[in-house]
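A short write-up of the structure that comes next.
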Amino acid sequence: MHTPMPGQQPGPYRRRAAWRRRALGGGAAGAAGAPSGQGFREHLRLGRKGLAIGVDIGGTKVAAGVVDAEGRILAQARRSTPGNDPRAVERVIVELVEELGAGHRIWSVGIGAAGWMDLDGGTVLFSPHLAWRNEPLRDNLQRLLRRPVLLTNDADAAAWAEWRFGAGQGQNRLVCITLGTGIGGAMVMDGRLERGRFGVAGEFGHQIIMPGGHRCECGNRGCWEQYASGNALGREARELAAANSPVAQELLKAVDGDVDRITGVVVTELAKAGDPTSRELLEDVGEWLGLGLANLAAALDPGKFVIGGGLCDAGELLVGPARKAFARNLTGRGFRPAAEIELAALGPNAGLIGAADLSRVTSRMHS
Ligand SMILES: [Zn+2]
């Protein structure tokens, strides 16, 4: 696709850009030009017939799906993430879109990946799992796919999906937390993703919750994700098992005595099966989670927190203790309404559903 230069854009492109800024939260310019709520609903209605493909690029696999305007997945495909070559990742995306597009009339394509996108959504500034550094991925892909392409952060995509179709529906101030190896964060405020001044808001996992605490890959010590993530759960369990504590019996049995094989997933499975030590370990992580949420509530005052990601397999064993710690640490408790804390509804496909939906609602106008 030929991408017009600024100043040469025909009218419909300018209109599309205004919609993109609205849904993606494009800072002051977007806010000034934001259409009314009624206009946005009309826009969603127009886009209702369109199908979009969402692509979720993870560190190990690339998952894609055809998503309709109600957030349902009509077809799915996946590939392994190819090494470190940006061109190879582009080729995999094109393959998946061609494969899925063969049986459907596809309007647009949304790409979700860990990392920071510029506010315009054209460039990947940085991605931790991939070799993208200032990569103009959107234009490359629009040329190859000949369809509107939207780039978004994976946590933003998942939050958008939960707001549109999942546990965050009807919320005008929603904060979503994704608990995996680390902590992802995103906000949907007044019907748009809040991405901050430079497009890099939502890094809640790196709030310092324990000065001088565990070292984090970001370079600091004591970040929240070192205490309230799947990795944190695994590390605590390994430490306990390595100390040869009698309470770690079940943990050691589950991995045939090989401490290094104890992960957050192992602990979660044992906790669900009733092992009291694994339940305690999850409770500790839940308490750290609730403490961090109380900090976020003090700063952002959302109506609801939606908690997703792999660690949520633990369900109430994690979220129950988080709710208690949240209530105990919330500033002004007893004298203010408190945000709800709820598990995500859409599971591991939230990222691709959200990327697809964002691409449809931000590009429909120039049809
Ligand atoms: Zn950090």
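Chains: A, B, ... in order of the structure tokens. Residues: from 1 per chain. Ligands: from 1, in order shown.
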
**Q.** A:Ala155 environment, 8 Å, only C-alpha atoms, sequence neighbours closer than 4 positions dropped, as number ranges by chain
**A.** A: 114, 159, 176-178, 184-186, 351

Limited to N, CA and C atoms, could you put the picked residues into a file as a short mmCIF file (atom, residue, chain, number, x, y, z; two decimals), in the first residue's frame?
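Saved the output as out.cif:
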data_model
loop_
_atom_site.label_atom_id
_atom_site.label_comp_id
_atom_site.auth_asym_id
_atom_site.auth_seq_id
_atom_site.Cartn_x
_atom_site.Cartn_y
_atom_site.Cartn_z
N ALA A 114 4.62 -7.30 22.88
CA ALA A 114 5.20 -6.67 24.06
C ALA A 114 6.13 -5.56 23.58
N ALA A 159 -6.39 -5.19 27.43
CA ALA A 159 -7.29 -4.32 28.20
C ALA A 159 -8.46 -3.86 27.34
N CYS A 176 -6.30 -2.62 33.85
CA CYS A 176 -6.08 -4.06 33.64
C CYS A 176 -4.65 -4.42 33.96
N ILE A 177 -4.50 -5.53 34.65
CA ILE A 177 -3.18 -6.02 35.06
C ILE A 177 -3.02 -7.41 34.47
N THR A 178 -1.92 -7.67 33.78
CA THR A 178 -1.65 -9.00 33.24
C THR A 178 -0.49 -9.61 34.00
N GLY A 184 2.12 -6.84 33.28
CA GLY A 184 1.74 -5.87 32.26
C GLY A 184 0.61 -5.01 32.78
N GLY A 185 0.51 -3.79 32.29
CA GLY A 185 -0.57 -2.92 32.75
C GLY A 185 -1.12 -2.06 31.62
N ALA A 186 -2.39 -1.71 31.72
CA ALA A 186 -3.01 -0.83 30.73
C ALA A 186 -4.27 -0.22 31.32
N GLY A 351 -5.45 -10.75 23.93
CA GLY A 351 -4.55 -9.89 23.16
C GLY A 351 -4.91 -9.85 21.68
#

Q: Identify, on the basis of only C-alpha atoms, every residue whose closest approach to stretch 283-298 of chain A does not exceed 6 Å; exclude the query and any residue fewer than 2 positions from it along the same chain; express the result as an NGL selection string.
A: :A and (228 or 280-281 or 300-301 or 318 or 321-323 or 325-326 or 329-330)

Print the selection's residues with N, CA and C atoms to a file, as a JSON list (two decimals), in the first residue's frame.
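Listing of result.json after writing:
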[["chain", "number", "residue", "atom", "x", "y", "z"],
["A", 228, "ALA", "N", 4.98, -9.92, 42.69],
["A", 228, "ALA", "CA", 3.57, -10.28, 42.43],
["A", 228, "ALA", "C", 3.37, -10.90, 41.05],
["A", 280, "GLU", "N", -0.05, -21.20, 50.56],
["A", 280, "GLU", "CA", 0.58, -20.09, 51.30],
["A", 280, "GLU", "C", 1.42, -19.22, 50.37],
["A", 281, "LEU", "N", 2.19, -19.88, 49.49],
["A", 281, "LEU", "CA", 3.04, -19.12, 48.55],
["A", 281, "LEU", "C", 2.18, -18.24, 47.65],
["A", 300, "LEU", "N", -4.87, 6.51, 40.67],
["A", 300, "LEU", "CA", -5.72, 6.51, 39.46],
["A", 300, "LEU", "C", -7.21, 6.43, 39.72],
["A", 301, "ASP", "N", -7.62, 5.95, 40.91],
["A", 301, "ASP", "CA", -9.03, 5.85, 41.28],
["A", 301, "ASP", "C", -9.91, 5.19, 40.21],
["A", 318, "LEU", "N", -5.51, -16.70, 44.46],
["A", 318, "LEU", "CA", -4.66, -15.52, 44.30],
["A", 318, "LEU", "C", -5.44, -14.24, 44.58],
["A", 321, "PRO", "N", -6.74, -13.32, 48.53],
["A", 321, "PRO", "CA", -5.77, -12.59, 49.37],
["A", 321, "PRO", "C", -5.47, -11.18, 48.83],
["A", 322, "ALA", "N", -5.52, -11.01, 47.50],
["A", 322, "ALA", "CA", -5.26, -9.68, 46.93],
["A", 322, "ALA", "C", -6.35, -8.70, 47.36],
["A", 323, "ARG", "N", -7.61, -9.16, 47.34],
["A", 323, "ARG", "CA", -8.72, -8.28, 47.76],
["A", 323, "ARG", "C", -8.54, -7.85, 49.22],
["A", 325, "ALA", "N", -5.71, -7.69, 51.02],
["A", 325, "ALA", "CA", -4.57, -6.77, 51.17],
["A", 325, "ALA", "C", -4.92, -5.40, 50.59],
["A", 326, "PHE", "N", -5.67, -5.40, 49.50],
["A", 326, "PHE", "CA", -6.11, -4.13, 48.89],
["A", 326, "PHE", "C", -6.95, -3.35, 49.90],
["A", 329, "ASN", "N", -4.90, -1.86, 52.72],
["A", 329, "ASN", "CA", -3.90, -0.83, 52.38],
["A", 329, "ASN", "C", -4.44, 0.37, 51.62],
["A", 330, "LEU", "N", -5.71, 0.32, 51.27],
["A", 330, "LEU", "CA", -6.30, 1.41, 50.48],
["A", 330, "LEU", "C", -6.34, 2.70, 51.29]]

Q | Picked from stretch 70-134 of chain A by DSSP as helix (DSSP H, G or I), as a PyMOL selection string | A | chain A and resi 86-101

Since we have the selection now, will you write its residues out, keeping C-alpha atoms, as a JSON list (two decimals), in the first residue's frame?
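Output below, filename out_10.json:
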[["chain", "number", "residue", "atom", "x", "y", "z"],
["A", 86, "PRO", "CA", 12.55, -8.47, 12.01],
["A", 87, "ARG", "CA", 12.02, -9.51, 8.36],
["A", 88, "ALA", "CA", 11.36, -13.12, 9.39],
["A", 89, "VAL", "CA", 8.71, -11.96, 11.89],
["A", 90, "GLU", "CA", 7.08, -9.90, 9.14],
["A", 91, "ARG", "CA", 7.02, -12.96, 6.86],
["A", 92, "VAL", "CA", 5.31, -15.05, 9.54],
["A", 93, "ILE", "CA", 2.68, -12.35, 10.04],
["A", 94, "VAL", "CA", 2.04, -12.21, 6.28],
["A", 95, "GLU", "CA", 1.77, -16.02, 6.09],
["A", 96, "LEU", "CA", -0.74, -16.14, 8.94],
["A", 97, "VAL", "CA", -2.85, -13.31, 7.50],
["A", 98, "GLU", "CA", -2.88, -14.95, 4.05],
["A", 99, "GLU", "CA", -3.79, -18.33, 5.52],
["A", 100, "LEU", "CA", -6.63, -16.94, 7.66],
["A", 101, "GLY", "CA", -7.74, -14.40, 5.06]]

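Residues of protein, DNA or RNA having any atom at most 9 Å from ligand 1, counting only C-alpha atoms and all ligand atoms, are Glu203, Gly205, His206, Gln207, Ile208, Arg215, Cys216, Glu217, Cys218, Gly219, Asn220, Arg221, Gly222, Cys223, Trp224, Glu225 and Gln226 of chain A.
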
Keeping only C-alpha atoms, take the residues you just selected and write them out as a PDB file, in the first residue's frame.
ATOM      1  CA  GLU A 203       4.452   0.097  33.383  1.00  0.00           C
ATOM      2  CA  GLY A 205       5.142  -3.687  37.234  1.00  0.00           C
ATOM      3  CA  HIS A 206       8.129  -1.402  37.772  1.00  0.00           C
ATOM      4  CA  GLN A 207       6.724   0.656  40.637  1.00  0.00           C
ATOM      5  CA  ILE A 208       9.281   0.186  43.402  1.00  0.00           C
ATOM      6  CA  ARG A 215      16.908  -7.086  41.401  1.00  0.00           C
ATOM      7  CA  CYS A 216      14.675  -6.479  38.360  1.00  0.00           C
ATOM      8  CA  GLU A 217      15.649  -6.845  34.702  1.00  0.00           C
ATOM      9  CA  CYS A 218      14.760  -3.146  34.231  1.00  0.00           C
ATOM     10  CA  GLY A 219      17.874  -2.302  36.256  1.00  0.00           C
ATOM     11  CA  ASN A 220      16.209  -1.286  39.512  1.00  0.00           C
ATOM     12  CA  ARG A 221      15.610  -3.175  42.719  1.00  0.00           C
ATOM     13  CA  GLY A 222      12.334  -3.955  44.438  1.00  0.00           C
ATOM     14  CA  CYS A 223       9.934  -3.620  41.495  1.00  0.00           C
ATOM     15  CA  TRP A 224       6.363  -4.869  42.002  1.00  0.00           C
ATOM     16  CA  GLU A 225       6.790  -7.572  39.357  1.00  0.00           C
ATOM     17  CA  GLN A 226       9.566  -9.139  41.425  1.00  0.00           C
TER      18      GLN A 226
END

Residue neighbourhood A:Ala77, 7 Å, only C-alpha atoms, exclusion window fewer than 3 positions, as a JSON list (two decimals) with N, CA and C atoms, in the first residue's frame:
[["chain", "number", "residue", "atom", "x", "y", "z"],
["A", 63, "ALA", "N", 0.38, -16.00, 17.56],
["A", 63, "ALA", "CA", -0.98, -16.53, 17.45],
["A", 63, "ALA", "C", -1.84, -15.52, 16.70],
["A", 64, "ALA", "N", -2.67, -16.01, 15.78],
["A", 64, "ALA", "CA", -3.51, -15.10, 15.01],
["A", 64, "ALA", "C", -4.92, -15.66, 14.94],
["A", 65, "GLY", "N", -5.90, -14.77, 14.78],
["A", 65, "GLY", "CA", -7.28, -15.22, 14.69],
["A", 65, "GLY", "C", -8.13, -14.24, 13.91],
["A", 96, "LEU", "N", 0.45, -15.89, 8.11],
["A", 96, "LEU", "CA", -0.74, -16.14, 8.94],
["A", 96, "LEU", "C", -1.95, -15.38, 8.39]]

Q: May I have the residues within 12 Å of A:Asp139 as a list in words, using only C-alpha atoms and disregarding those fewer than 2 positions away in the same chain?
A: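 In the requested form, the answer reads Met1, His2, Thr3, Pro4, Met5, Glu90, Asp120, Gly121, Gly122, Thr123, Val124, Glu135, Pro136, Leu137, Leu141, Gln142, Arg143, Leu144, Leu145, Arg146, Arg147, Pro148, Val149, Leu150 and Leu151 of chain A.
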
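Note that atom CA of A:Thr268 and atom CA of A:Cys312 are 9.2 Å apart.
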
Q.
So that I can check the secondary structure, give me every residue of stretch 88-333 of chain A assigned strand (DSSP E or B) by backbone DSSP, as an MDAnalysis selection string.
A. chainID A and resid 106:113 116:117 124:126 133:135 149:153 173:179 183:189 192:193 208 215 221 223 304:308

Atoms to include: N, CA and C atoms. Write the selected residues as a compact mmCIF listing (two decimals), in the first residue's frame.
# COMPACT_ATOMS: atom_id res chain seq x y z
N ILE A 106 -11.48 -9.93 4.99
CA ILE A 106 -10.82 -9.26 6.11
C ILE A 106 -10.69 -7.76 5.85
N TRP A 107 -11.15 -6.99 6.80
CA TRP A 107 -11.07 -5.54 6.64
C TRP A 107 -9.70 -4.99 7.07
N SER A 108 -9.23 -5.40 8.23
CA SER A 108 -8.01 -4.79 8.77
C SER A 108 -7.24 -5.81 9.61
N VAL A 109 -6.03 -5.44 9.98
CA VAL A 109 -5.18 -6.35 10.76
C VAL A 109 -4.61 -5.59 11.96
N GLY A 110 -4.74 -6.17 13.14
CA GLY A 110 -4.16 -5.57 14.35
C GLY A 110 -3.03 -6.44 14.87
N ILE A 111 -1.91 -5.81 15.20
CA ILE A 111 -0.74 -6.55 15.69
C ILE A 111 -0.49 -6.13 17.14
N GLY A 112 -0.48 -7.10 18.03
CA GLY A 112 -0.15 -6.81 19.43
C GLY A 112 1.19 -7.45 19.78
N ALA A 113 2.08 -6.70 20.41
CA ALA A 113 3.38 -7.26 20.81
C ALA A 113 3.83 -6.57 22.09
N TRP A 116 7.09 -1.04 23.36
CA TRP A 116 6.58 0.32 23.29
C TRP A 116 6.40 0.73 21.84
N MET A 117 5.20 1.22 21.53
CA MET A 117 4.93 1.76 20.20
C MET A 117 4.94 3.29 20.32
N VAL A 124 7.58 0.54 16.20
CA VAL A 124 7.90 -0.13 17.46
C VAL A 124 9.18 0.49 17.98
N LEU A 125 9.11 1.15 19.14
CA LEU A 125 10.30 1.79 19.69
C LEU A 125 11.25 0.75 20.28
N PHE A 126 10.63 -0.25 20.95
CA PHE A 126 11.44 -1.24 21.65
C PHE A 126 10.57 -2.45 21.95
N ARG A 133 13.91 -2.33 17.00
CA ARG A 133 14.36 -1.09 17.62
C ARG A 133 14.07 0.02 16.62
N ASN A 134 13.11 0.89 16.96
CA ASN A 134 12.68 1.93 16.02
C ASN A 134 12.28 1.36 14.67
N GLU A 135 11.52 0.28 14.71
CA GLU A 135 11.16 -0.43 13.49
C GLU A 135 9.83 0.12 12.93
N VAL A 149 -3.35 -1.53 8.87
CA VAL A 149 -2.69 -2.29 9.93
C VAL A 149 -2.57 -1.39 11.16
N LEU A 150 -2.85 -1.96 12.31
CA LEU A 150 -2.68 -1.23 13.56
C LEU A 150 -1.68 -1.97 14.44
N LEU A 151 -0.80 -1.21 15.05
CA LEU A 151 0.20 -1.77 15.98
C LEU A 151 -0.18 -1.38 17.39
N THR A 152 -0.12 -2.32 18.30
CA THR A 152 -0.42 -1.95 19.68
C THR A 152 0.37 -2.81 20.66
N ASN A 153 0.54 -2.27 21.83
CA ASN A 153 1.18 -3.00 22.92
C ASN A 153 0.25 -4.14 23.36
N ARG A 173 -13.56 3.97 33.98
CA ARG A 173 -12.15 4.04 34.41
C ARG A 173 -11.72 2.63 34.79
N LEU A 174 -11.04 1.99 33.85
CA LEU A 174 -10.68 0.58 34.01
C LEU A 174 -9.16 0.43 34.00
N VAL A 175 -8.65 -0.32 34.96
CA VAL A 175 -7.22 -0.65 34.96
C VAL A 175 -7.09 -2.16 34.83
N CYS A 176 -6.30 -2.62 33.85
CA CYS A 176 -6.08 -4.06 33.64
C CYS A 176 -4.65 -4.42 33.96
N ILE A 177 -4.50 -5.53 34.65
CA ILE A 177 -3.18 -6.02 35.06
C ILE A 177 -3.02 -7.41 34.47
N THR A 178 -1.92 -7.67 33.78
CA THR A 178 -1.65 -9.00 33.24
C THR A 178 -0.49 -9.61 34.00
N LEU A 179 -0.78 -10.72 34.68
CA LEU A 179 0.25 -11.37 35.49
C LEU A 179 0.80 -12.58 34.75
N ILE A 183 4.71 -8.27 35.04
CA ILE A 183 3.39 -7.65 35.19
C ILE A 183 3.19 -6.65 34.06
N GLY A 184 2.12 -6.84 33.28
CA GLY A 184 1.74 -5.87 32.26
C GLY A 184 0.61 -5.01 32.78
N GLY A 185 0.51 -3.79 32.29
CA GLY A 185 -0.57 -2.92 32.75
C GLY A 185 -1.12 -2.06 31.62
N ALA A 186 -2.39 -1.71 31.72
CA ALA A 186 -3.01 -0.83 30.73
C ALA A 186 -4.27 -0.22 31.32
N MET A 187 -4.67 0.92 30.75
CA MET A 187 -5.86 1.62 31.26
C MET A 187 -6.78 1.99 30.12
N VAL A 188 -8.09 1.80 30.32
CA VAL A 188 -9.09 2.34 29.39
C VAL A 188 -9.89 3.37 30.17
N MET A 189 -9.73 4.64 29.77
CA MET A 189 -10.37 5.74 30.48
C MET A 189 -11.32 6.45 29.52
N ARG A 192 -11.27 5.22 25.86
CA ARG A 192 -10.04 5.17 25.05
C ARG A 192 -8.88 4.67 25.90
N LEU A 193 -7.91 4.09 25.21
CA LEU A 193 -6.72 3.64 25.91
C LEU A 193 -5.93 4.85 26.37
N ILE A 208 8.39 0.77 42.39
CA ILE A 208 9.28 0.19 43.40
C ILE A 208 8.50 0.03 44.70
N ARG A 215 16.47 -7.75 42.63
CA ARG A 215 16.91 -7.09 41.40
C ARG A 215 15.90 -7.37 40.28
N ARG A 221 15.89 -2.14 41.71
CA ARG A 221 15.61 -3.17 42.72
C ARG A 221 14.22 -2.94 43.31
N CYS A 223 11.12 -3.89 42.31
CA CYS A 223 9.93 -3.62 41.49
C CYS A 223 8.80 -4.58 41.86
N LYS A 304 -12.72 -0.34 38.52
CA LYS A 304 -12.47 -1.78 38.57
C LYS A 304 -11.05 -2.09 38.14
N PHE A 305 -10.47 -3.11 38.77
CA PHE A 305 -9.24 -3.72 38.29
C PHE A 305 -9.61 -5.07 37.69
N VAL A 306 -9.18 -5.32 36.48
CA VAL A 306 -9.34 -6.64 35.88
C VAL A 306 -7.97 -7.31 35.86
N ILE A 307 -7.90 -8.52 36.43
CA ILE A 307 -6.62 -9.21 36.58
C ILE A 307 -6.59 -10.40 35.62
N GLY A 308 -5.68 -10.37 34.66
CA GLY A 308 -5.57 -11.46 33.68
C GLY A 308 -4.16 -12.02 33.65
